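First up is the structure itself, then whatever we jot down about it.
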Amino acid sequence: MKQTTLAGSFTLKGKGLHTGLEITATFNPAPVNHGYRFQRIDLEDKPVINALAENVVNTTRGTVLGTNDVTVSTVEHALAALYALGIDNCLIEINASELPILDGSSIEYVKKIKETGFVEQDKDKDFYIVRKKIEVKDPETGSKLIMLPDDGFCVNSFIEFDSKYIPNQSATLDDINDFEKEIAPARTFVFVREVQALRKAGLIKGGDLDNAIVIYERELSQPELDELADELNVPRQNAKELGYLNHRAIAFPNEPARHKLLDIIGDMSLIGKPIQGRIIATKPGHGINNKLSRLIRKELRLHEVQPPIYDPMEEPIMDINRIRELLPHRYPFLMVDKIIKMTENYIVGVKNVTTNEPFFTGHFPQEPVMPGVLQVEAMAQTGGLLVLSTLDEPEKYSTYFMKIDDVKFRQKVVPGDTIIFRVELSSEIRRGIATMRGLAFIGDKVVSEANFTAQIIKNK
């Protein structure tokens, strides 16, 4: 799957939920590996904030991103729409410190993205693949998020409130393609009992009955409710009549749970990569969401590339017979057993290291260790298969080293190990010259790495 960006720019205008300001936000195409970024065009230097989990500075009633005292808040609804519709790269220009709240959901963003369209880019998507259970908890609130391996991206959201109107609700998204219909229209919600405290804190200056579900489930005195209605510039209501204050009917019986699921998607987009896995959220909120996304971001920073998934039972892309047709190497110098994945830009190969390898006879008799130079050779052979596969008659060509740089060996390779090689083109092949980056994994650890340049030459 290729990365995507918008086919053009679009603009949305509306008031900010917390500032009450009239705001303009323009969504623009962006180059590969750009990710999501916000640019404050109202400030002198037009600073840019990367939409990444480590840049979250506040999670009170919304996700706030910040860098060097410059912030942008209420980003989750727009990010959820971009993420769910598969947009990888986008620059969002805004003229205030938050995005417009619109109707309190993601649907207007979704409509504009679909109206504008998207274009594929010349770089593969880089997924974050969940390989094992990941869990974060907040003992004080009882919030908990669990990530589990899955074939796609799925979310289960369970919410609990001390309210007879939404005591327990749940929502599920098993297919991201259902986001537009099932999740995007779900609006943010607030309890009347929270509104007074939020306004005293200087928040929700732009909140009204058109951009949030307002739940009135604990009776106030008539003067208190009248005063609040006047502050919010909404019609007064009988203090005895509990329930939803909105004139517009709720979109779904479990709309609050669906909106919490929407928030999870927006907050998880701050990982910076599309996710392959399932999230199970109990009493989610922006704080616990950010805790999980920060944990994953930390893992990503420690590992340049996620280890490839290797299922020994899966049919290979190339078996040893096909490899022997493409490579001229033979015993004892053929270092690749099979190819398990290949795209236009990268390839994944497997080498099973056994005690019968001839180099173990002298390296070393009492402590068999695979020589590092042979690991690099195996990387190069794997990369050669990627390069040769682009040719019309690959059997008539060979690849030869021209240069090897930045070689590192991190861990011994010994009999019984299975090495997974991931080799990626660093740039386009030009004039028969291929520049590649190779990584060798055992399990989830990098054992060696190298950059190398090879020349493609026709055999005589």
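Labeling convention for the structure tokens: chains A, B, ... as they appear, residues from 1 per chain, ligands from 1 in order of appearance.
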
Would you pick out the contacts of A:Arg61 at 9 Å or less, using only C-alpha atoms, so that residues sharing its chain but fewer than 6 positions from it are not included, and give the list as a list in words?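 Result of the neighbour search: Thr74, Leu198, Leu203, Gly285 and His286 of chain A.
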
All strand (DSSP E or B) residues (DSSP, backbone) inside stretch 219-305 of chain A, as a list in words: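 Selection result, strand (DSSP E or B) within stretch 219-305 of chain A: Gly243, Tyr244, Ile275, Gln276, Gly277, Arg278, Ile279, Ile280, Ala281 and Thr282 of chain A.
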
Output file for the residues above (N, CA and C atoms, as a CSV table (one decimal), in the first residue's frame):
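That gives us again14.csv:
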```csv
chain,number,residue,atom,x,y,z
A,243,GLY,N,-32.7,15.2,31.0
A,243,GLY,CA,-32.5,14.6,29.7
A,243,GLY,C,-31.5,15.3,28.8
A,244,TYR,N,-31.6,15.1,27.5
A,244,TYR,CA,-30.7,15.7,26.6
A,244,TYR,C,-31.3,17.1,26.3
A,275,ILE,N,-2.0,1.8,12.1
A,275,ILE,CA,-1.8,0.7,13.0
A,275,ILE,C,-2.5,-0.6,12.5
A,276,GLN,N,-1.8,-1.7,12.6
A,276,GLN,CA,-2.5,-3.0,12.4
A,276,GLN,C,-2.6,-3.7,13.8
A,277,GLY,N,-3.8,-3.6,14.3
A,277,GLY,CA,-4.0,-4.2,15.7
A,277,GLY,C,-5.3,-3.8,16.2
A,278,ARG,N,-5.7,-4.4,17.3
A,278,ARG,CA,-7.0,-4.1,17.9
A,278,ARG,C,-6.8,-3.3,19.2
A,279,ILE,N,-7.6,-2.3,19.5
A,279,ILE,CA,-7.6,-1.5,20.7
A,279,ILE,C,-8.8,-1.8,21.5
A,280,ILE,N,-8.7,-2.2,22.7
A,280,ILE,CA,-9.8,-2.4,23.6
A,280,ILE,C,-9.7,-1.4,24.7
A,281,ALA,N,-10.7,-0.5,24.8
A,281,ALA,CA,-10.6,0.7,25.7
A,281,ALA,C,-11.7,0.6,26.7
A,282,THR,N,-11.4,0.7,28.0
A,282,THR,CA,-12.3,0.8,29.1
A,282,THR,C,-12.2,2.2,29.7
```

Distance in Å - atom CA of A:Pro328 versus atom CA of A:Glu377: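 Computing it gives 13.5 Å between the two atoms.
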
Mind checking which residues fall within 6 Å of stretch 170-183 of chain A, counting only C-alpha atoms, ignoring those fewer than 6 positions away in the same chain, and posting them as a PDB file with N, CA and C atoms, in the first residue's frame?
```pdb
ATOM      1  N   CYS A 154      -8.890  -2.214  14.454  1.00  0.00           N
ATOM      2  CA  CYS A 154     -10.197  -2.344  15.079  1.00  0.00           C
ATOM      3  C   CYS A 154     -10.169  -1.678  16.452  1.00  0.00           C
ATOM      4  N   VAL A 155     -11.329  -1.170  16.884  1.00  0.00           N
ATOM      5  CA  VAL A 155     -11.418  -0.523  18.190  1.00  0.00           C
ATOM      6  C   VAL A 155     -12.700  -0.947  18.887  1.00  0.00           C
ATOM      7  N   ASN A 156     -12.588  -1.271  20.175  1.00  0.00           N
ATOM      8  CA  ASN A 156     -13.745  -1.505  21.047  1.00  0.00           C
ATOM      9  C   ASN A 156     -13.679  -0.489  22.177  1.00  0.00           C
ATOM     10  N   SER A 157     -14.763   0.253  22.378  1.00  0.00           N
ATOM     11  CA  SER A 157     -14.788   1.302  23.394  1.00  0.00           C
ATOM     12  C   SER A 157     -15.907   1.034  24.390  1.00  0.00           C
ATOM     13  N   PHE A 158     -15.561   1.049  25.677  1.00  0.00           N
ATOM     14  CA  PHE A 158     -16.535   0.844  26.751  1.00  0.00           C
ATOM     15  C   PHE A 158     -16.466   2.048  27.699  1.00  0.00           C
ATOM     16  N   ALA A 257     -20.503   6.788  23.383  1.00  0.00           N
ATOM     17  CA  ALA A 257     -19.485   5.738  23.268  1.00  0.00           C
ATOM     18  C   ALA A 257     -18.822   5.782  21.894  1.00  0.00           C
ATOM     19  N   ARG A 258     -19.601   6.089  20.877  1.00  0.00           N
ATOM     20  CA  ARG A 258     -19.021   6.189  19.531  1.00  0.00           C
ATOM     21  C   ARG A 258     -18.080   7.387  19.445  1.00  0.00           C
TER      22      ARG A 258
END
```

Mind the document's chain letters and residue numbers, and return as JSON, numbers by chain the residues of stretch 282-385 of chain A that DSSP labels alpha helix (DSSP H). {"A": [286, 287, 288, 289, 290, 291, 292, 293, 294, 295, 296, 297, 298, 299, 300, 301, 302, 320, 321, 322, 323, 324, 325, 326, 372, 373, 374, 375, 376, 377, 378, 379, 380, 381, 382, 383, 384, 385]}

Let me see the file: selected residues, N, CA and C atoms, as a JSON list (two decimals), in the first residue's frame.
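Result went into selection-v2.json, see below:
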```json
[["chain", "number", "residue", "atom", "x", "y", "z"],
["A", 286, "HIS", "N", -8.61, 11.31, 26.80],
["A", 286, "HIS", "CA", -7.42, 11.79, 26.09],
["A", 286, "HIS", "C", -6.13, 11.51, 26.87],
["A", 287, "GLY", "N", -6.20, 11.54, 28.20],
["A", 287, "GLY", "CA", -5.02, 11.29, 29.01],
["A", 287, "GLY", "C", -4.49, 9.88, 28.85],
["A", 288, "ILE", "N", -5.36, 8.88, 29.01],
["A", 288, "ILE", "CA", -4.93, 7.49, 28.89],
["A", 288, "ILE", "C", -4.60, 7.14, 27.44],
["A", 289, "ASN", "N", -5.32, 7.76, 26.50],
["A", 289, "ASN", "CA", -5.01, 7.56, 25.08],
["A", 289, "ASN", "C", -3.58, 8.00, 24.78],
["A", 290, "ASN", "N", -3.23, 9.18, 25.30],
["A", 290, "ASN", "CA", -1.89, 9.70, 25.05],
["A", 290, "ASN", "C", -0.82, 8.86, 25.73],
["A", 291, "LYS", "N", -1.16, 8.30, 26.88],
["A", 291, "LYS", "CA", -0.21, 7.43, 27.58],
["A", 291, "LYS", "C", 0.17, 6.24, 26.71],
["A", 292, "LEU", "N", -0.82, 5.65, 26.04],
["A", 292, "LEU", "CA", -0.54, 4.52, 25.16],
["A", 292, "LEU", "C", 0.23, 4.95, 23.92],
["A", 293, "SER", "N", -0.19, 6.04, 23.29],
["A", 293, "SER", "CA", 0.50, 6.48, 22.08],
["A", 293, "SER", "C", 1.94, 6.91, 22.37],
["A", 294, "ARG", "N", 2.19, 7.51, 23.55],
["A", 294, "ARG", "CA", 3.57, 7.85, 23.93],
["A", 294, "ARG", "C", 4.42, 6.59, 24.11],
["A", 295, "LEU", "N", 3.83, 5.57, 24.71],
["A", 295, "LEU", "CA", 4.56, 4.32, 24.91],
["A", 295, "LEU", "C", 5.00, 3.72, 23.58],
["A", 296, "ILE", "N", 4.10, 3.75, 22.60],
["A", 296, "ILE", "CA", 4.44, 3.20, 21.29],
["A", 296, "ILE", "C", 5.46, 4.08, 20.58],
["A", 297, "ARG", "N", 5.31, 5.39, 20.72],
["A", 297, "ARG", "CA", 6.29, 6.29, 20.11],
["A", 297, "ARG", "C", 7.69, 6.04, 20.68],
["A", 298, "LYS", "N", 7.77, 5.77, 21.98],
["A", 298, "LYS", "CA", 9.05, 5.46, 22.59],
["A", 298, "LYS", "C", 9.66, 4.20, 21.98],
["A", 299, "GLU", "N", 8.82, 3.21, 21.77],
["A", 299, "GLU", "CA", 9.29, 1.96, 21.15],
["A", 299, "GLU", "C", 9.78, 2.23, 19.72],
["A", 300, "LEU", "N", 9.05, 3.05, 18.99],
["A", 300, "LEU", "CA", 9.43, 3.34, 17.61],
["A", 300, "LEU", "C", 10.75, 4.09, 17.52],
["A", 301, "ARG", "N", 10.98, 4.98, 18.49],
["A", 301, "ARG", "CA", 12.24, 5.73, 18.48],
["A", 301, "ARG", "C", 13.43, 4.83, 18.78],
["A", 302, "LEU", "N", 13.19, 3.75, 19.53],
["A", 302, "LEU", "CA", 14.27, 2.83, 19.85],
["A", 302, "LEU", "C", 14.61, 1.90, 18.69],
["A", 320, "ILE", "N", 14.02, -21.54, -2.66],
["A", 320, "ILE", "CA", 15.45, -21.66, -2.97],
["A", 320, "ILE", "C", 15.68, -21.95, -4.46],
["A", 321, "ASN", "N", 14.74, -22.63, -5.10],
["A", 321, "ASN", "CA", 14.90, -22.92, -6.52],
["A", 321, "ASN", "C", 14.84, -21.66, -7.36],
["A", 322, "ARG", "N", 13.89, -20.77, -7.02],
["A", 322, "ARG", "CA", 13.79, -19.51, -7.76],
["A", 322, "ARG", "C", 15.00, -18.61, -7.46],
["A", 323, "ILE", "N", 15.45, -18.63, -6.22],
["A", 323, "ILE", "CA", 16.63, -17.84, -5.85],
["A", 323, "ILE", "C", 17.85, -18.29, -6.66],
["A", 324, "ARG", "N", 18.00, -19.61, -6.82],
["A", 324, "ARG", "CA", 19.15, -20.14, -7.58],
["A", 324, "ARG", "C", 19.06, -19.74, -9.06],
["A", 325, "GLU", "N", 17.83, -19.51, -9.56],
["A", 325, "GLU", "CA", 17.68, -19.06, -10.94],
["A", 325, "GLU", "C", 18.14, -17.62, -11.12],
["A", 326, "LEU", "N", 17.99, -16.80, -10.06],
["A", 326, "LEU", "CA", 18.32, -15.37, -10.16],
["A", 326, "LEU", "C", 19.75, -15.06, -9.73],
["A", 372, "GLY", "N", 30.67, -11.46, 10.59],
["A", 372, "GLY", "CA", 29.88, -10.29, 10.23],
["A", 372, "GLY", "C", 29.88, -10.00, 8.74],
["A", 373, "VAL", "N", 31.02, -10.25, 8.08],
["A", 373, "VAL", "CA", 31.09, -9.98, 6.65],
["A", 373, "VAL", "C", 30.12, -10.85, 5.87],
["A", 374, "LEU", "N", 29.85, -12.06, 6.37],
["A", 374, "LEU", "CA", 28.90, -12.94, 5.69],
["A", 374, "LEU", "C", 27.46, -12.48, 5.93],
["A", 375, "GLN", "N", 27.22, -11.85, 7.08],
["A", 375, "GLN", "CA", 25.90, -11.25, 7.30],
["A", 375, "GLN", "C", 25.65, -10.13, 6.28],
["A", 376, "VAL", "N", 26.68, -9.32, 6.07],
["A", 376, "VAL", "CA", 26.56, -8.24, 5.08],
["A", 376, "VAL", "C", 26.40, -8.83, 3.67],
["A", 377, "GLU", "N", 27.12, -9.90, 3.40],
["A", 377, "GLU", "CA", 26.98, -10.57, 2.10],
["A", 377, "GLU", "C", 25.56, -11.09, 1.91],
["A", 378, "ALA", "N", 24.98, -11.66, 2.97],
["A", 378, "ALA", "CA", 23.60, -12.16, 2.88],
["A", 378, "ALA", "C", 22.62, -11.01, 2.63],
["A", 379, "MET", "N", 22.86, -9.88, 3.29],
["A", 379, "MET", "CA", 22.02, -8.68, 3.03],
["A", 379, "MET", "C", 22.11, -8.30, 1.56],
["A", 380, "ALA", "N", 23.34, -8.28, 1.05],
["A", 380, "ALA", "CA", 23.56, -7.87, -0.34],
["A", 380, "ALA", "C", 22.88, -8.83, -1.31],
["A", 381, "GLN", "N", 22.95, -10.14, -1.02],
["A", 381, "GLN", "CA", 22.27, -11.11, -1.88],
["A", 381, "GLN", "C", 20.75, -10.88, -1.86],
["A", 382, "THR", "N", 20.23, -10.58, -0.66],
["A", 382, "THR", "CA", 18.79, -10.29, -0.56],
["A", 382, "THR", "C", 18.44, -9.05, -1.37],
["A", 383, "GLY", "N", 19.27, -8.00, -1.23],
["A", 383, "GLY", "CA", 19.04, -6.79, -2.02],
["A", 383, "GLY", "C", 19.20, -7.05, -3.51],
["A", 384, "GLY", "N", 20.14, -7.93, -3.87],
["A", 384, "GLY", "CA", 20.31, -8.27, -5.28],
["A", 384, "GLY", "C", 19.06, -8.89, -5.87],
["A", 385, "LEU", "N", 18.38, -9.69, -5.09],
["A", 385, "LEU", "CA", 17.13, -10.30, -5.57],
["A", 385, "LEU", "C", 16.06, -9.24, -5.82]]
```

Can you write out as a tab-separated table which residues of stretch 267-385 of chain A fall within 10 Å of stretch 443-446 of chain A, alongside each residue's closest atom pair and its distance in Å to one decimal, counting only C-alpha atoms and ordering rows by chain and ascending residue number?
```
residue	atom	partner	partner_atom	distance
A:His303	CA	A:Val446	CA	8.4
A:Glu304	CA	A:Val446	CA	9.3
A:Val305	CA	A:Val446	CA	9.2
A:Gln306	CA	A:Asp444	CA	7.6
A:Pro307	CA	A:Asp444	CA	5.4
A:Pro308	CA	A:Asp444	CA	8.3
A:Ile309	CA	A:Gly443	CA	9.1
A:Tyr310	CA	A:Gly443	CA	9.1
```

Counting only C-alpha atoms, which residue out of A:Ile94, A:Val234, A:Leu79, A:Pro256 sits closest to A:Ile41?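 Closest candidate: A:Ile94.
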
Residues within 12 Å of A:Arg410, only C-alpha atoms, excluding chain neighbours under 3 positions, as a ChimeraX atom specification: /A:372,375,407,413,439-442,445-450

Written selection (C-alpha atoms) as a CSV table (one decimal), in the first residue's frame:
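The result, stored in result_38.csv:
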```csv
chain,number,residue,atom,x,y,z
A,372,GLY,CA,29.9,-10.3,10.2
A,375,GLN,CA,25.9,-11.3,7.3
A,407,VAL,CA,28.3,-1.2,9.0
A,413,VAL,CA,24.8,-14.9,15.3
A,439,LEU,CA,19.0,-4.6,8.5
A,440,ALA,CA,19.4,-8.1,9.9
A,441,PHE,CA,17.0,-9.2,12.7
A,442,ILE,CA,16.9,-12.1,15.1
A,445,LYS,CA,16.5,-7.3,17.7
A,446,VAL,CA,18.7,-5.8,15.1
A,447,VAL,CA,21.9,-7.9,15.0
A,448,SER,CA,23.7,-6.1,12.1
A,449,GLU,CA,23.1,-3.3,9.6
A,450,ALA,CA,24.8,-1.6,6.6
```

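Taking atom CA of A:Leu6 as the reference point, atom CA of A:Thr343 is found at 23.4 Å.
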
List the spatial neighbours of A:Ser106 as a CSV table (one decimal) with N, CA and C atoms, in the first residue's frame - criterion: any atom at most 7 Å away, only C-alpha atoms, same-chain residues fewer than 2 positions off excluded.
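Result file follows (around_9.csv):
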```csv
chain,number,residue,atom,x,y,z
A,77,HIS,N,-10.5,15.5,16.3
A,77,HIS,CA,-11.6,15.2,15.3
A,77,HIS,C,-11.1,15.2,13.9
A,78,ALA,N,-10.3,16.2,13.6
A,78,ALA,CA,-9.7,16.3,12.3
A,78,ALA,C,-8.7,15.2,12.0
A,81,ALA,N,-10.4,11.9,11.2
A,81,ALA,CA,-10.9,11.8,9.8
A,81,ALA,C,-9.8,11.5,8.8
A,108,GLU,N,-17.8,16.7,9.1
A,108,GLU,CA,-17.5,17.7,8.1
A,108,GLU,C,-16.1,17.6,7.6
A,109,TYR,N,-15.2,17.1,8.4
A,109,TYR,CA,-13.8,16.9,7.9
A,109,TYR,C,-13.9,15.7,6.9
A,110,VAL,N,-14.6,14.7,7.2
A,110,VAL,CA,-14.7,13.5,6.3
A,110,VAL,C,-15.3,14.0,4.9
A,184,ALA,N,-18.0,8.8,12.5
A,184,ALA,CA,-17.7,10.2,12.2
A,184,ALA,C,-18.8,11.1,12.6
A,185,PRO,N,-20.1,10.8,12.5
A,185,PRO,CA,-21.2,11.7,12.9
A,185,PRO,C,-21.4,11.8,14.4
```

What's the 12 Å shell around A:Asp124, counting only C-alpha atoms, without same-chain residues fewer than 5 positions away, as a PDB file with C-alpha atoms, in the first residue's frame?
```pdb
ATOM      1  CA  MET A   1       0.000   0.000   0.000  1.00  0.00           C
ATOM      2  CA  LYS A   2       1.286   3.433  -0.955  1.00  0.00           C
ATOM      3  CA  GLN A   3       1.251   6.557   1.181  1.00  0.00           C
ATOM      4  CA  THR A   4      -1.419   9.090   0.228  1.00  0.00           C
ATOM      5  CA  VAL A  32       5.945  11.549   1.578  1.00  0.00           C
ATOM      6  CA  ASN A  33       6.919  10.866   5.202  1.00  0.00           C
ATOM      7  CA  ASP A  88      -0.852   9.829   5.533  1.00  0.00           C
ATOM      8  CA  LYS A 273       1.950   5.428  11.467  1.00  0.00           C
ATOM      9  CA  PRO A 274      -1.181   3.492  10.507  1.00  0.00           C
ATOM     10  CA  MET A 342       8.789  -8.000  -1.617  1.00  0.00           C
ATOM     11  CA  THR A 343       7.470  -4.619  -2.764  1.00  0.00           C
ATOM     12  CA  GLU A 344       8.814  -2.101  -5.269  1.00  0.00           C
ATOM     13  CA  ASN A 345      11.050  -0.604  -2.581  1.00  0.00           C
ATOM     14  CA  TYR A 346      12.027  -3.326  -0.127  1.00  0.00           C
ATOM     15  CA  GLU A 424      15.257  -1.263   1.217  1.00  0.00           C
ATOM     16  CA  LEU A 425      16.205   0.912  -1.732  1.00  0.00           C
TER      17      LEU A 425
END
```

Could you tell me which of A:Ala197, A:Val70, A:Ile49, A:Val75 comes closest to A:Ser269 if we count only C-alpha atoms?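 Nearest candidate to A:Ser269 out of A:Ala197, A:Val70, A:Ile49, A:Val75: A:Val75.
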